[in-house]
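Asks: Structure incoming, see below.
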Amino acid sequence: MYLTALLAAPFAAALLACFGSGRDGAAATRLALVLALAIAALGVPLVTCLTAPGAVEHAWFSLAGTGAVVQFSLASDGLTAWLIQLVTFLVPVGLLASRDQVGERMREFAVAVLVMEGLMIGALLSRDLVLFYLCFEGMLIPMVVLMALFGGTDRRGAALQFFLYTMLGSVGLLVAIWYIAQTLQTTSLTELMDSRMLATLSSGEQVALFAAFALAFAVKVPLAPFHGWQARAYAECPTGAVVLLSGAMAKLGTYGLIRFVLPLFPELSAEYANLFIILGLVSVIAGALMAWAATDVKRLIAFSSLSHLGLVVVGIFTFSDLALKGAAVQMVAHGISVAALFVLVGALESRALKRGIDDFGGLAGRAPILATLFIGAALASAALPGTANFAGEFLLLMGVFQPRQWWIAAIAGLSTILTAVYLLRLVQRWFYGPRRADLAVLPDLGVREVVTVAPLLALSLFFGFYPKPISDQAGTVASRLGAEARRVASGAPAPVAVVETKDAHAAR
Amino acid sequence: MNAIDPNHVQILAALLFALGLAVAASRRNIFFLLMGVELMLNAVNLSFVGFSRTFAGSGSLVGHLSPLFIIAIAAAEACVGLAIVICIVRNRDSLDSDAYAEMKE
Amino acid sequence: MYPLWLIPVLPLVGFIVNGLLSLGSAGSKRGPSRGFVAALAVAMPLLAFLVTIGATAHIWNGPTTLPIQTYWEWLPIGKGLGFGLQFDRLTALMLLFITGIGTLIHLYSVGYMREDRGFARFMAYLNLFMASMIILVLGDSLPVTFLGWEGVGLCSYLLIGFWHQDHANNDAARKAFVINRIGDLGFLLGAFCLYLAMGKDASLRYVDIADFFQGDAGKALASTPLIVAACALLFLGCTGKSAQLPLLTWLPDAMAGPTPVSALIHAATMVTSGVYLAARLSDVFVLAPAVMTAITLIGCATAVYGAIAGLVQWDIKKVLAYSTVSQLGFMFMAVGVGAFDVALYHVFTHAFFKATLFLGAGSVIHALHHEQDLRRMGGLTKVLPLTYSSMVFGWFAIIGMPLGSGFMSKDLILERLWAAPDMFGVQVGKLVCVVALITALLTAIYMSRLMYYVFWSPSRVPAEVKAHAHEAPFVMSAPVLLLSFGSMVAGAMWFGAVPQINAFELWLRPVVEHAQGATALVASADPHAAAAEPHDHSALAWAIAGCSIAVAFFGWLIAHLLFRRGPKESEPRPLSGFAAAWTSGLDRIYDLVIAKPLAALAWIVARVIDQALLTGVLRGIGEVSGFLGEGYVALQRSRLRISVTLSLLGAVVVVAYLLMPVLSKAA
C-alpha cells in the first residue's frame, strides 16, 4: 500500500502541477516545490522506519508469446530506500535551481520532472524485470523532453544523441528480458534469484544475457568506452535536469549492476570481473585527464563524474563487503556533491551566460558566498575527509585493496590526486586572481540559491561524519546482493545448490 | 480456318506487353504513360484469350471472362487516371512527368 | 570523563563564528569588528591549551593515558570503527606545544594582519587549522588522524593562497595541496597494507595496532613484504607532509603565505605530523629495518639538500624554509635509527626556535614594509631591539651553541646515529652521523649569514624605509620574546651528556619504549655493541657535545669572515646559476618527468581518443545512417518514369519468385 502510494505520488503530483499557472513562473514554481517536498517527506519513512514496508506483488499482464506473467512487483530494502531519498531530495533542488533558466515555462518543466521522478522511483522499487525495463527506459522520455525544450544551444543534437545512444544500449536488455520470459516463464526478480533458474541455461545463452544486462547499465553510468553521450548531454542539459541526470539517473546504472547483474549472474560476474575492473580504471583515469583538459566547465564536471563512478564500478566488481558498502555510500555522496556543483555552475551561467574555464576570474572578491559554497562543493567532490565522498572512497579503496592486485587500488587512488589537480585549477581560474575588468557586474548568490545548495553541503558533511545509516542499510544490502559473486570469485565450494524449475517453484 | 499457332499468340502478347512497358517507362508525357499502361493491359487480355483457345475445356472459361473484367477495370482506371491528370495539370501547367518528381516533398 | 572533545571543538567554534562574520560582512568596507574577531580567535586556542593542561594533569602521576573516548560509529570497518579521541603522553606533549605555541602565534597574527581587509577570514582559517591539527594528534585511529591530516593540508592551501589576487600565491597553494595529496595516497595505501597484515585481528586503532605488533603474531611479520610495503607507503605520507625528498618542493613555495602561517604551519606544527605518525606507529616501523635505513638516508639527503639551499637564498623566509626542511631531515634521521623520543625532542625544541625565528623575521618584514630580501637589510640591531634579542636566542639555539635547546636535541640525534647498529653490514649510522655534523656546520654558516645580513652588517636599507622602521607593537613582540625564552629553556628537558637530566625521555618512555627496545634488541645482537657500558656512553655523549660545539663556533667564524661586511650585490635579482639550479632543479625534473607527460597524455586522451576517435565513430555511425537514408530517399523521390519502371520490375521479380516451383517442375 505504502509503496504503491509512493510510486503513484509523483504521477499524481505531475497531474496536479498541470493545473499550475502557465504564465506565472513563480506560482508554478511554488506549486511544484510544495508537491516535490511532499513527495520527499513521503519517502522519508523508508529509511527511518525500522520495519521494511510490505512488498507489493500481484499479477499484471501476461507477456504475449512467452507464457510468462508479468508481476506488478514492488519492494524496498536499504539500497532502494537510500537511492529513493537521493531522487526525492534532488527533485526540489533541481526545480529551484532551474528557476532562472526556465522562467515562465516552469509548469511544463515541473510536470516533466515529476513524471521522471515517478519513473525513477518505479525503476528503484520494481522487482520485476519488465516493470523495471518500462521505468528504466521510460524515464528517458521526460529527460529528452527537458533537454530538447529547455537546454543550451546544441540541445536538439545532444538530446537526440543521448536518446539514441541509451536506447541502443538498452535494446539488448529488452531482448534479454523477453528471452528470459520465454525460456524460463518468469520475469520476477525474486523468483529468478531464489531459484537460480538462470544457471540452467546453456553457457552461451548466459553470456549473451549477461552481456545484454551489463551493456545497458554500463551505458547508463556511463562506463568507458560507452561514455560518448555524456559530456554533450550534461553540457546541454538545463540545470534542474542535469542535477537529476548526474545525481540520480547515473546511479541507476550502478544500482542495476548491483541489483540485477551481480545476483543473477554471479559466475559470469566473477569470470568477467577483471574486464569491468579495467574498464572502471580506464574511466577513472581517462575521466580525470579529460576533465583536466576540458574548457567547458559542465563538461569538466561530466568527466569528473565519469571518473568517480568508474571507481564505484571497480568496487562493485571486486565484490568485497567493504567495497560494496563503499559503493552504496559513494552513490549517495556523489549524487549530493555533483548536484551542488551543477547548481552553482548553473547559477553562474544564468548570470553571465557563459561557462568556459577562462570566462571568469577573481570572483572570490565579487561573490564571496558563491566562492565559499563552490570551493566547499569542489572539496566535497575531491573527497576531503569529513565529507560523505571521503567515507565512500575510503571504503571503496580499502575494499578494492588486495595484496596480489595492489595496482588496482593504487591506480584508483590516483583519482584522488588528479581530482584535486583539475578541481583546484578550476577554482583558481574562476575565483582567484586579479579582478577582471571585462566581467560585467555579477551579483552574489541570493537567498534562494543559497537555500538550494547549502543543505546539500550540510548533508555531505553530516554523512561524512556519520555515514552509518547509509552503510548499515544500503551497504549491507549491496553486500548481500554481491555475496554469491564474492563466494564464486574466492573459489569457495558452493553450498548444496537446489536448482528448481518453474513448476517445482510454483508447486511450493 | 487455319489454326493459329498458340505460341505465336503468346509471343505477340509478350511483344505488345514489352511495347507497352517501354512506352510507360520512357515517355515523359503523362498521357503516353497511360496509353502504355492500356497497351500492357490489352496485351494481357490477348494472352488470356490465347491460352483459353489453346486449352479448351472447363478452364477455358476463365480465359474468356477475365479479359472482360480487365477491360472494364482498365476503362475505369483510365477514367480515374485521366481525372487525376486533369487535376494535377491545373497545378503545374505541364504534361511533363518529370515536373511532378518534387511533389513528394 | 574528561571532555577531550572540547580541545578540537573550541577552535572549530572560533572558525565557524569568524567565518560567518567574514562572509556576512563581505559587502562592507571595513569588515567585522577587529577587536571581537581577535579576542575570539585568540581565546579559543588559549582555552584549548588550558583544557590540555587539565588533561595532562590527569596523566601526570599515575596512569600514562586517559581512557579512550569513542563518540559514535564512523566507518563500518571490522566491527565498526568509532570516531574516538585518545590522550596519552605523546598526545599530551604534542598538544601542549601545538596549543601553546599556536596561541602565541594567533596573538602575533592579531598584530601582523590587523590592517588586512581579510583579517576575520585569516583568523577563521587559523582556528580551523588548530582544530585540524588537534584532531590529527588526538585521533585514536588512522582514519581520524587522516581527517586531521588532510584538514591541515586544506588549511595550508587556504592560508598559503590567502592573498589570492596574486596568482603566484595561488599556484604555490595548489602545489602544496597536490603534493600533499600524493603523500596522502601513500598514507591510505600504507594503512590498507597494515590492516591486511594484521589478519583476523585487523583494526586501524592505534591501541590495537600497538598490541598486535608488540605481540608475537606481530613480531613474526617482521620484514614480510606486506609490512615493508606498509611502512614504505606510510613513510611516503610522511615525506609529503614533512617535506622530505622527494616531496619537499612545496615548502619553500609555501612562503608565499603570510609569515604567521609560515611560522605556525610550516615550522612548528603541520610539518611535524610526519614525525608524529612515525612515533605513533613506531611498533610497526621497527619491524621493517630496510625501510628504517631508507628513512635515515632520505632524512640525511634532505638535511644536506636543505642546508646547501639555505646557503644561497636571498629571501629571508626562504632561508628559514630550507632550514626547516633541513631540520626535519634531522628528525627523520633519528626516526630511522629507532630513536623516536629523540626525534620528538627535536620536534619540540625546533618548534620553539623556528617559530621564534619566523616570527622575528615577520617583525623585520613588517618593520621594513614588506621587504623580504636580505640585500636590502642590515644594521637593524638598534632599530628593532626586542626582535633582535629574540632572534639572537633563536639563532643561538639553532646553530647548536652550548646549552641552547637546539644543541641539546641535535646532540642526542648525533649520539644515537653514532651508536646505531650496523644495517646490512654497513656502519650506516656512523656515516650519516658524519654527514649530519657537516650539515650542522652548514646550518651554523647559513644561519649566521642570515644574522649578519639582517643585523650585524652595515645597513643597506633604503633611506625612506629606514625612516619609518620601528619596533613591532607589543602584541607582536611579546609572543616572540616568550618563544625565544622557550627556545632557551626547552633544552633543560633532556641533556644527553648528563643522564640525570632526562625529563623528556622519561615522559615519553611508556609510549616508545617497546619500539626502542626492539631496536636495542637488534643492537645487542651485534657483538660490538654488547661491549658498550654506561660510562662509554657518557664519554660518547661528551665527545659529540664537544664536536658539535666546535662545529657551531667554526661555522660562526666562517660566516663572520665571509659575511660580516654584507653581500656584494645590493640590488635584488632572481636566483641564477648554481643557486637557481639547486633550488628549482627538483621542480624542473618533476615538471619534465611528471607534469609534462601527464599534460600530453591528457591532451591525447581528450583530443585524440575522445574527440577524434570516439566522437568521430559516433558521428560516423550517424553519417552512415544518414547516407543510407538519403540514398533511399533518392530512390523514392525519383522521376515518375523511374518509379514506374522499378515497380514493374519489382512485380516481375515477385511473380517470377512465385512461379519458380512451377517453372522448375515444368523444366
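Residue numbering restarts at 1 in every chain; chains get A, B, ... in the order shown in the C-alpha cells, and ligands count up from 1 in that same order.
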Give the helix (DSSP H, G or I) residues of region 267-487 of chain A, as assigned by DSSP on the backbone, as a PyMOL selection string.

Replies: chain A and resi 267-271+273-293+297-316+321-352+363-366+368-381+388-400+403-431+447-465+468-481+483-487

Asks: Counting only C-alpha atoms, which residues in chain A sit no more than 8 Å from chain C? For each one, give the nearest pair of atoms and the distance in Å, sorted by chain then residue number, as JSON lines.

Replies:
{"residue": "A:Gly228", "atom": "CA", "partner": "C:Thr615", "partner_atom": "CA", "distance": 6.5}
{"residue": "A:Ala286", "atom": "CA", "partner": "C:Val605", "partner_atom": "CA", "distance": 6.6}
{"residue": "A:Leu289", "atom": "CA", "partner": "C:Ala602", "partner_atom": "CA", "distance": 4.6}
{"residue": "A:Met290", "atom": "CA", "partner": "C:Ala606", "partner_atom": "CA", "distance": 4.9}
{"residue": "A:Trp292", "atom": "CA", "partner": "C:Ala602", "partner_atom": "CA", "distance": 7.0}
{"residue": "A:Ala293", "atom": "CA", "partner": "C:Ala602", "partner_atom": "CA", "distance": 6.2}
{"residue": "A:Ala294", "atom": "CA", "partner": "C:Ala606", "partner_atom": "CA", "distance": 7.8}
{"residue": "A:Leu322", "atom": "CA", "partner": "C:Ile77", "partner_atom": "CA", "distance": 7.4}
{"residue": "A:Gly362", "atom": "CA", "partner": "C:Gln165", "partner_atom": "CA", "distance": 7.0}
{"residue": "A:Pro368", "atom": "CA", "partner": "C:Leu23", "partner_atom": "CA", "distance": 6.7}
{"residue": "A:Ile369", "atom": "CA", "partner": "C:Leu23", "partner_atom": "CA", "distance": 6.6}
{"residue": "A:Leu384", "atom": "CA", "partner": "C:Glu150", "partner_atom": "CA", "distance": 7.0}
{"residue": "A:Pro385", "atom": "CA", "partner": "C:Leu147", "partner_atom": "CA", "distance": 5.0}
{"residue": "A:Gly386", "atom": "CA", "partner": "C:Leu147", "partner_atom": "CA", "distance": 6.6}
{"residue": "A:Ala391", "atom": "CA", "partner": "C:Leu75", "partner_atom": "CA", "distance": 7.2}
{"residue": "A:Leu395", "atom": "CA", "partner": "C:Leu75", "partner_atom": "CA", "distance": 8.0}
{"residue": "A:Met398", "atom": "CA", "partner": "C:Phe192", "partner_atom": "CA", "distance": 6.1}
{"residue": "A:Phe401", "atom": "CA", "partner": "C:Phe192", "partner_atom": "CA", "distance": 7.0}
{"residue": "A:Pro403", "atom": "CA", "partner": "C:Cys193", "partner_atom": "CA", "distance": 7.5}
{"residue": "A:Ala409", "atom": "CA", "partner": "C:Leu189", "partner_atom": "CA", "distance": 7.8}
{"residue": "A:Ala410", "atom": "CA", "partner": "C:Leu189", "partner_atom": "CA", "distance": 7.4}
{"residue": "A:Gly413", "atom": "CA", "partner": "C:Leu185", "partner_atom": "CA", "distance": 6.4}
{"residue": "A:Leu414", "atom": "CA", "partner": "C:Leu185", "partner_atom": "CA", "distance": 7.5}
{"residue": "A:Thr416", "atom": "CA", "partner": "C:Arg181", "partner_atom": "CA", "distance": 7.3}
{"residue": "A:Ile417", "atom": "CA", "partner": "C:Arg181", "partner_atom": "CA", "distance": 5.7}
{"residue": "A:Ala420", "atom": "CA", "partner": "C:Val178", "partner_atom": "CA", "distance": 6.4}
{"residue": "A:Val421", "atom": "CA", "partner": "C:Val178", "partner_atom": "CA", "distance": 6.4}
{"residue": "A:Leu424", "atom": "CA", "partner": "C:Arg174", "partner_atom": "CA", "distance": 6.7}
{"residue": "A:Arg425", "atom": "CA", "partner": "C:Arg174", "partner_atom": "CA", "distance": 7.8}
{"residue": "A:Gln428", "atom": "CA", "partner": "C:Asn170", "partner_atom": "CA", "distance": 6.8}
{"residue": "A:Tyr432", "atom": "CA", "partner": "C:His164", "partner_atom": "CA", "distance": 5.4}
{"residue": "A:Gly433", "atom": "CA", "partner": "C:Gln165", "partner_atom": "CA", "distance": 4.1}
{"residue": "A:Pro434", "atom": "CA", "partner": "C:Gln165", "partner_atom": "CA", "distance": 4.6}
{"residue": "A:Arg435", "atom": "CA", "partner": "C:Gln165", "partner_atom": "CA", "distance": 7.4}
{"residue": "A:Phe465", "atom": "CA", "partner": "C:Trp74", "partner_atom": "CA", "distance": 6.3}
{"residue": "A:Tyr466", "atom": "CA", "partner": "C:Trp74", "partner_atom": "CA", "distance": 5.6}
{"residue": "A:Pro467", "atom": "CA", "partner": "C:Trp74", "partner_atom": "CA", "distance": 6.6}
{"residue": "A:Lys468", "atom": "CA", "partner": "C:Trp74", "partner_atom": "CA", "distance": 6.5}
{"residue": "A:Ser471", "atom": "CA", "partner": "C:Pro76", "partner_atom": "CA", "distance": 7.0}
{"residue": "A:Asp472", "atom": "CA", "partner": "C:Pro76", "partner_atom": "CA", "distance": 7.9}

Asks: Dump as JSON, numbers by chain the residues of chain C that approach chain B to within 6 Å, counting only C-alpha atoms.

Replies: {"C": [639, 640, 641, 645]}

Asks: Save out the residues we just selected, C-alpha atoms, as a CSV table (one decimal), in the first residue's frame.

Replies:
chain,number,residue,atom,x,y,z
C,639,ARG,CA,11.2,10.8,-61.5
C,640,LEU,CA,7.9,9.2,-62.4
C,641,ARG,CA,9.2,7.0,-65.1
C,645,THR,CA,9.9,1.1,-64.1

Asks: Can you tell me, as number ranges by chain, what residues are no more than 8 Å from Thr56 (chain C) when counting only C-alpha atoms, ignoring any on the same chain fewer than 4 positions away?

Replies: C: 52, 60, 89, 92

Asks: Just C-alpha atoms for this one: save the residues we selected as a short mmCIF file (atom, residue, chain, number, x, y, z; two decimals), in the first residue's frame.

Replies:
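Just written: part_35.cif:
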data_model
loop_
_atom_site.label_atom_id
_atom_site.label_comp_id
_atom_site.auth_asym_id
_atom_site.auth_seq_id
_atom_site.Cartn_x
_atom_site.Cartn_y
_atom_site.Cartn_z
CA THR C 52 45.01 20.33 27.54
CA TRP C 60 50.97 13.45 35.30
CA ARG C 89 51.80 11.10 26.88
CA ALA C 92 49.87 15.41 25.63
#

Asks: Pick from B:Gly81, B:Gly50, B:Gly36, B:Gly20: nearest to Asp5 (chain B), with only C-alpha atoms counted?

Replies: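 For Asp5 (chain B), the nearest of the candidates is B:Gly50.
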
Asks: Excluding Thr239 (chain C) and its own-chain neighbours fewer than 5 positions away, which residues fall within 8 Å of it when counting only C-alpha atoms? Please give them as a PyMOL selection string.

Replies: chain C and resi 183+244-248+274
